[in-house]
Amino acid sequence: MIAMIERAMDHDGFSVIECLSECVEFYPGAFDAGNPRKGGQFNVIDEKKWDHTPEDEARHDVTDEIAAYKLANIDFPGVFGVFYENDRPHEERPWKKSGSSRAGQK
């Protein structure tokens with residue numbers, strides 16, 4: 001989880017991290033299918049390494065938007081990891097102006 005948060009913070013632009021936590025009081029056993037300690041499976045996405053090996057062909061390309069949608073449609077508990085990553089040009093923090101003062105002050 002920490003590595004995923006760090007990756008999202010290092011990405012220039014928008015990142016989404018979905019954290020699932022079962023409420024043991026109101027819905028016990030909600031994530032048993034995704035919890036290895038309870039007999040479930042925690043499937044992590046195997047990302048392409050671009051090493052041109054036969055195994056790499058079966059790995060997930062995080063730049064492929066269609067493949068990301070297919071992963072998102074896998075039945076519960078699904079897979080965990082980076083579904084899609086897109087680097088595109090953007091302005092460097094356009095809301096931050098040089099020499100600006102605190103909000104509400106001029």
# chains A, B, ... in the order shown; residues from 1 in each chain; ligands from 1
>>> residues_around(residues="Phe83 (chain A)", least_positions_apart="5", cutoff="12 Å", atoms="only C-alpha atoms", output="NGL selection string")
:A and (4 or 15-18 or 44-48 or 59-74 or 78)
>>> write_last_selection(atoms="N, CA, C and O atoms", output="tab-separated table (two decimals), in the first residue's frame")
chain	number	residue	atom	x	y	z
A	4	MET	N	2.23	1.97	-3.41
A	4	MET	CA	1.20	2.49	-4.30
A	4	MET	C	0.96	3.97	-4.03
A	4	MET	O	0.82	4.77	-4.96
A	15	SER	N	-4.11	11.29	-9.65
A	15	SER	CA	-4.01	9.88	-9.28
A	15	SER	C	-5.17	9.52	-8.38
A	15	SER	O	-5.62	10.33	-7.58
A	16	VAL	N	-5.66	8.29	-8.50
A	16	VAL	CA	-6.72	7.79	-7.64
A	16	VAL	C	-6.25	6.50	-7.01
A	16	VAL	O	-5.73	5.61	-7.69
A	17	ILE	N	-6.41	6.40	-5.71
A	17	ILE	CA	-6.12	5.16	-4.99
A	17	ILE	C	-7.39	4.77	-4.26
A	17	ILE	O	-7.94	5.57	-3.50
A	18	GLU	N	-7.86	3.57	-4.50
A	18	GLU	CA	-9.05	3.09	-3.82
A	18	GLU	C	-8.61	2.14	-2.72
A	18	GLU	O	-7.95	1.14	-2.98
A	44	VAL	N	-2.36	-9.44	-7.59
A	44	VAL	CA	-1.70	-8.18	-7.95
A	44	VAL	C	-1.42	-8.20	-9.45
A	44	VAL	O	-1.03	-9.22	-10.02
A	45	ILE	N	-1.63	-7.05	-10.10
A	45	ILE	CA	-1.40	-6.93	-11.53
A	45	ILE	C	0.09	-7.11	-11.83
A	45	ILE	O	0.94	-6.50	-11.19
A	46	ASP	N	0.38	-7.97	-12.79
A	46	ASP	CA	1.75	-8.20	-13.23
A	46	ASP	C	2.01	-7.25	-14.40
A	46	ASP	O	1.54	-7.48	-15.52
A	47	GLU	N	2.72	-6.15	-14.14
A	47	GLU	CA	2.95	-5.13	-15.16
A	47	GLU	C	4.04	-5.53	-16.13
A	47	GLU	O	4.99	-6.22	-15.78
A	48	LYS	N	3.88	-5.05	-17.37
A	48	LYS	CA	4.90	-5.27	-18.40
A	48	LYS	C	6.22	-4.68	-17.94
A	48	LYS	O	6.27	-3.61	-17.37
A	59	ARG	N	1.87	-9.99	-19.68
A	59	ARG	CA	1.77	-9.00	-18.62
A	59	ARG	C	0.91	-7.81	-19.06
A	59	ARG	O	0.71	-7.57	-20.24
A	60	HIS	N	0.45	-7.03	-18.08
A	60	HIS	CA	-0.43	-5.89	-18.32
A	60	HIS	C	0.35	-4.64	-18.72
A	60	HIS	O	1.31	-4.26	-18.08
A	61	ASP	N	-0.10	-4.00	-19.79
A	61	ASP	CA	0.47	-2.75	-20.28
A	61	ASP	C	-0.31	-1.60	-19.64
A	61	ASP	O	-1.47	-1.38	-19.97
A	62	VAL	N	0.31	-0.86	-18.72
A	62	VAL	CA	-0.40	0.20	-18.00
A	62	VAL	C	-0.72	1.40	-18.89
A	62	VAL	O	-1.47	2.28	-18.48
A	63	THR	N	-0.20	1.43	-20.11
A	63	THR	CA	-0.52	2.52	-21.04
A	63	THR	C	-1.70	2.18	-21.96
A	63	THR	O	-2.12	3.02	-22.74
A	64	ASP	N	-2.24	0.97	-21.84
A	64	ASP	CA	-3.35	0.51	-22.67
A	64	ASP	C	-4.67	0.76	-21.95
A	64	ASP	O	-5.02	0.06	-20.99
A	65	GLU	N	-5.41	1.77	-22.40
A	65	GLU	CA	-6.66	2.15	-21.73
A	65	GLU	C	-7.72	1.06	-21.81
A	65	GLU	O	-8.45	0.81	-20.85
A	66	ILE	N	-7.82	0.38	-22.94
A	66	ILE	CA	-8.81	-0.68	-23.12
A	66	ILE	C	-8.52	-1.84	-22.16
A	66	ILE	O	-9.42	-2.38	-21.52
A	67	ALA	N	-7.25	-2.21	-22.04
A	67	ALA	CA	-6.87	-3.28	-21.11
A	67	ALA	C	-7.19	-2.88	-19.67
A	67	ALA	O	-7.59	-3.72	-18.86
A	68	ALA	N	-7.05	-1.59	-19.34
A	68	ALA	CA	-7.37	-1.12	-18.00
A	68	ALA	C	-8.87	-1.28	-17.70
A	68	ALA	O	-9.25	-1.70	-16.61
A	69	TYR	N	-9.70	-0.95	-18.69
A	69	TYR	CA	-11.15	-1.13	-18.51
A	69	TYR	C	-11.50	-2.61	-18.33
A	69	TYR	O	-12.38	-2.96	-17.53
A	70	LYS	N	-10.82	-3.48	-19.06
A	70	LYS	CA	-11.07	-4.93	-18.90
A	70	LYS	C	-10.71	-5.39	-17.50
A	70	LYS	O	-11.43	-6.20	-16.91
A	71	LEU	N	-9.60	-4.90	-16.97
A	71	LEU	CA	-9.22	-5.26	-15.61
A	71	LEU	C	-10.24	-4.75	-14.60
A	71	LEU	O	-10.54	-5.42	-13.61
A	72	ALA	N	-10.74	-3.55	-14.84
A	72	ALA	CA	-11.71	-2.96	-13.92
A	72	ALA	C	-13.03	-3.73	-13.90
A	72	ALA	O	-13.78	-3.66	-12.92
A	73	ASN	N	-13.32	-4.49	-14.95
A	73	ASN	CA	-14.57	-5.24	-15.02
A	73	ASN	C	-14.47	-6.67	-14.51
A	73	ASN	O	-15.44	-7.42	-14.59
A	74	ILE	N	-13.32	-7.06	-13.99
A	74	ILE	CA	-13.17	-8.41	-13.43
A	74	ILE	C	-14.03	-8.50	-12.17
A	74	ILE	O	-14.08	-7.57	-11.36
A	78	GLY	N	-11.44	-9.05	-7.86
A	78	GLY	CA	-10.69	-8.38	-8.91
A	78	GLY	C	-9.19	-8.46	-8.71
A	78	GLY	O	-8.68	-9.40	-8.10
>>> residues_around(residues="Asp87 (chain A)", least_positions_apart="6", cutoff="9 Å", atoms="only C-alpha atoms", output="PDB file with N, CA, C and O atoms, in the first residue's frame")
ATOM      1  N   HIS A  11       3.615  10.729  -9.389  1.00  0.00           N
ATOM      2  CA  HIS A  11       3.027  10.951 -10.712  1.00  0.00           C
ATOM      3  C   HIS A  11       2.580  12.399 -10.843  1.00  0.00           C
ATOM      4  O   HIS A  11       1.829  12.908 -10.016  1.00  0.00           O
ATOM      5  N   ASP A  12       3.060  13.091 -11.888  1.00  0.00           N
ATOM      6  CA  ASP A  12       2.608  14.457 -12.145  1.00  0.00           C
ATOM      7  C   ASP A  12       1.197  14.380 -12.703  1.00  0.00           C
ATOM      8  O   ASP A  12       0.956  13.782 -13.737  1.00  0.00           O
ATOM      9  N   GLY A  13       0.271  14.967 -12.019  1.00  0.00           N
ATOM     10  CA  GLY A  13      -1.105  14.949 -12.478  1.00  0.00           C
ATOM     11  C   GLY A  13      -2.019  14.287 -11.476  1.00  0.00           C
ATOM     12  O   GLY A  13      -1.741  14.224 -10.286  1.00  0.00           O
ATOM     13  N   THR A  63      -0.202   1.431 -20.115  1.00  0.00           N
ATOM     14  CA  THR A  63      -0.518   2.525 -21.039  1.00  0.00           C
ATOM     15  C   THR A  63      -1.698   2.184 -21.956  1.00  0.00           C
ATOM     16  O   THR A  63      -2.122   3.021 -22.738  1.00  0.00           O
TER      17      THR A  63
END
>>> closest_residue(among="A:Glu6, A:Phe14, A:Met1, A:Glu57", to="Phe80 (chain A)", atoms="only C-alpha atoms")
A:Met1
